[in-house]
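**Q** Quick one: the structure is below, and I'll ask about it shortly.
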Amino acid sequence: MNPEKIETAFSLMNQTIELLQQKLDTSFFDAYIENAENLVDGAKVRVIDQTPDQETVAKIEQSYQELLTLGLEKEEWRKVTQLLLLKGSKQETLQPNHQLTPDSLGFLFVFLIEQLILDKKAPVRILDIAAGMGNLLLTIVNNLQLAGYTIDASGVDVDDTLLAIAASDSALMEETIQLFHQDSLQDLLVDPVDFAIGDLPVGFYPNDEKARQFLTSSEKEHTYAHHLLMEQAMTYVKNDGFGLFLLPSNFLETEQAPLLQQWLGKEVFLQGIIQLPDELFKSEHSRKSILIVQKNGDVAQQAEKVLLVKLPTLKDPSKVKDFFKKFEDWKSSNL
Ligand SMILES: C[S@@+](CC[C@H](N)C(=O)[O-])C[C@H]1O[C@@H](n2cnc3c(N)ncnc32)[C@H](O)[C@@H]1O
């Protein structure tokens, strides 16, 4: 990865997005999508009713040519798109439930998935149940491909703008990811996968009638969306396959935790909880963990020792390495 190339690409894309935003009078994210679609569509600016004007079109297309001569690799494209989206998220004060999953966490998912792949030679099928802008899914897909795996990925999200960003970014990276714009709690058109993942939205799911179809549903109030999404995602996982979900660290202490535990004991095994470093979160209340569950099957059994580990930091490579070693040791004696 070449930092100078990334800086140049960021600055060129930032300029063209700002120009489009100004000339089309749109939000940052709509201009971002327009820009990415232009690039994919032969690096030509789409003109409707003589907007943008010819001079702007020429300026933007010149920048597109400079950008294409950089010859960005997939992961370089992703870095650039992530930086631009982070900038846009600040500019448009995106709500926490819509924010992209940063690299630091994406790489942890890559490590965990690689450790848990059951058949190293077969294509690995992955479903992101809350794909958002697609950064987590694309981090996983790109990096597992770089490690030599064939990946077949799908993502679902209820928000059309976020999913359009994911679609245009995967087109920029020439990834063929299947994306579905819908509520993930409705039936999905996805064949069984090896891994379900998600950086889950936190809050209540408003459709009680739908929620009632799930073991985790609450009779007293709206059910937690993250409980329902995990339960739903795991129904699309092959027997013995895994689910890796990012969710609030207090998930076993809430009022609805007993409902979640019913599901955990019945359809999946709770194999591990990785508490993420405090440094990543503004308050104790916002801390998150990665939950590892495994679907019942011929091979899967409850780990003798559930992995309960707190990652002290992601800033010190030796501490991260210690964690990797701990995980590998746990896996070889428990799964
Ligand atoms: C934290 S974001 C995911 C970020 C994503 N991993 C990324 O890297 O961009 C959570 C996502 O859950 C989505 N979401 C919330 N409720 C949903 C539902 N019922 N079905 C599908 N997606 C939902 C939101 O639209 C949001 O994009």
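Just so we're on the same page: first chain in the structure tokens is A, next is B, and so on; residues restart at 1 for each chain, and ligands are numbered from 1 in the order they show up.
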Write out, as a Markdown table, each residue of chain A that has an atom at most 6 Å from ligand 1, together with the closest pair of atoms and their distance in Å to one decimal, counting only C-alpha atoms and all ligand atoms, rows going by chain and rising number.

**A**
```
| residue | atom | partner | partner_atom_place_in_ligand_line | distance |
| --- | --- | --- | --- | --- |
| A:Asn97 | CA | ligand 1 | 1 (C) | 4.6 |
| A:His98 | CA | ligand 1 | 2 (S) | 4.3 |
| A:Gln99 | CA | ligand 1 | 1 (C) | 5.1 |
| A:Leu100 | CA | ligand 1 | 9 (O) | 3.4 |
| A:Thr101 | CA | ligand 1 | 8 (O) | 3.8 |
| A:Ala130 | CA | ligand 1 | 12 (O) | 4.2 |
| A:Ala131 | CA | ligand 1 | 5 (C) | 4.8 |
| A:Gly132 | CA | ligand 1 | 27 (O) | 3.2 |
| A:Met133 | CA | ligand 1 | 9 (O) | 3.6 |
| A:Gly134 | CA | ligand 1 | 9 (O) | 4.3 |
| A:Asn135 | CA | ligand 1 | 8 (O) | 3.7 |
| A:Leu136 | CA | ligand 1 | 8 (O) | 3.9 |
| A:Val156 | CA | ligand 1 | 21 (C) | 5.8 |
| A:Asp157 | CA | ligand 1 | 22 (N) | 3.7 |
| A:Val158 | CA | ligand 1 | 21 (C) | 4.2 |
| A:Asp159 | CA | ligand 1 | 25 (O) | 4.6 |
| A:Asp183 | CA | ligand 1 | 20 (N) | 3.7 |
| A:Ser184 | CA | ligand 1 | 20 (N) | 3.8 |
| A:Leu185 | CA | ligand 1 | 19 (N) | 5.8 |
| A:Asp199 | CA | ligand 1 | 6 (N) | 4.9 |
| A:Leu200 | CA | ligand 1 | 10 (C) | 5.1 |
| A:Pro201 | CA | ligand 1 | 10 (C) | 4.4 |
```

**Q** Using only C-alpha atoms, what table do you get, as a Markdown table, when you list each residue of segment 165-276 of chain A with an atom no more than 7 Å from segment 297-306 of chain A, its nearest pair of atoms, and their distance in Å rounded to one decimal, rows by chain then rising number?

**A**
```
| residue | atom | partner | partner_atom | distance |
| --- | --- | --- | --- | --- |
| A:Asn239 | CA | A:Gly297 | CA | 4.5 |
| A:Asp240 | CA | A:Gly297 | CA | 4.8 |
| A:Phe269 | CA | A:Gln302 | CA | 5.6 |
| A:Gln271 | CA | A:Val306 | CA | 5.1 |
| A:Gly272 | CA | A:Val306 | CA | 5.2 |
```

**Q** Please, could you write that set of residues out with C-alpha atoms as an mmCIF file, in the first residue's frame?

**A**
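So out-v5.cif came out as:
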```
data_model
loop_
_atom_site.group_PDB
_atom_site.id
_atom_site.type_symbol
_atom_site.label_atom_id
_atom_site.label_comp_id
_atom_site.auth_asym_id
_atom_site.auth_seq_id
_atom_site.Cartn_x
_atom_site.Cartn_y
_atom_site.Cartn_z
ATOM 1 C CA ASN A 239 -24.853 -26.305 10.247
ATOM 2 C CA ASP A 240 -21.585 -25.905 12.207
ATOM 3 C CA PHE A 269 -23.542 -22.326 20.948
ATOM 4 C CA GLN A 271 -18.377 -19.913 21.931
ATOM 5 C CA GLY A 272 -16.701 -16.613 22.688
#
```

**Q** As a PyMOL selection string, please: the residues near Leu12 of chain A (cut-off 8 Å, only C-alpha atoms, same-chain neighbours under 5 positions excluded).

**A** chain A and resi 63-64+67

**Q** How would the residues just picked look written out with N, CA and C atoms as a PDB file, in the first residue's frame?

**A**
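Result file is again_24.pdb:
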```
ATOM      1  N   SER A  63      -9.746  15.214 -13.646  1.00  0.00           N
ATOM      2  CA  SER A  63      -9.342  14.620 -12.354  1.00  0.00           C
ATOM      3  C   SER A  63      -9.528  13.105 -12.394  1.00  0.00           C
ATOM      4  N   TYR A  64     -10.621  12.640 -13.032  1.00  0.00           N
ATOM      5  CA  TYR A  64     -10.848  11.186 -13.122  1.00  0.00           C
ATOM      6  C   TYR A  64      -9.673  10.520 -13.856  1.00  0.00           C
ATOM      7  N   LEU A  67      -6.788  10.261 -11.631  1.00  0.00           N
ATOM      8  CA  LEU A  67      -7.059   9.230 -10.624  1.00  0.00           C
ATOM      9  C   LEU A  67      -6.811   7.831 -11.206  1.00  0.00           C
TER      10      LEU A  67
END
```

**Q** For Leu72 of chain A, which of A:Asn2, A:Ser168, A:Gln275, A:Gln50 is the closest residue, counting only C-alpha atoms?

**A**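 Closest candidate: A:Asn2.
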
**Q** Determine, counting only C-alpha atoms, which protein, DNA and RNA residues have an atom within 9 Å of an atom of His227 of chain A; residues of the same chain fewer than 4 positions away are not included. Present the result as a PyMOL selection string.

**A** chain A and resi 216-217+223+231-232+256-257+259-260
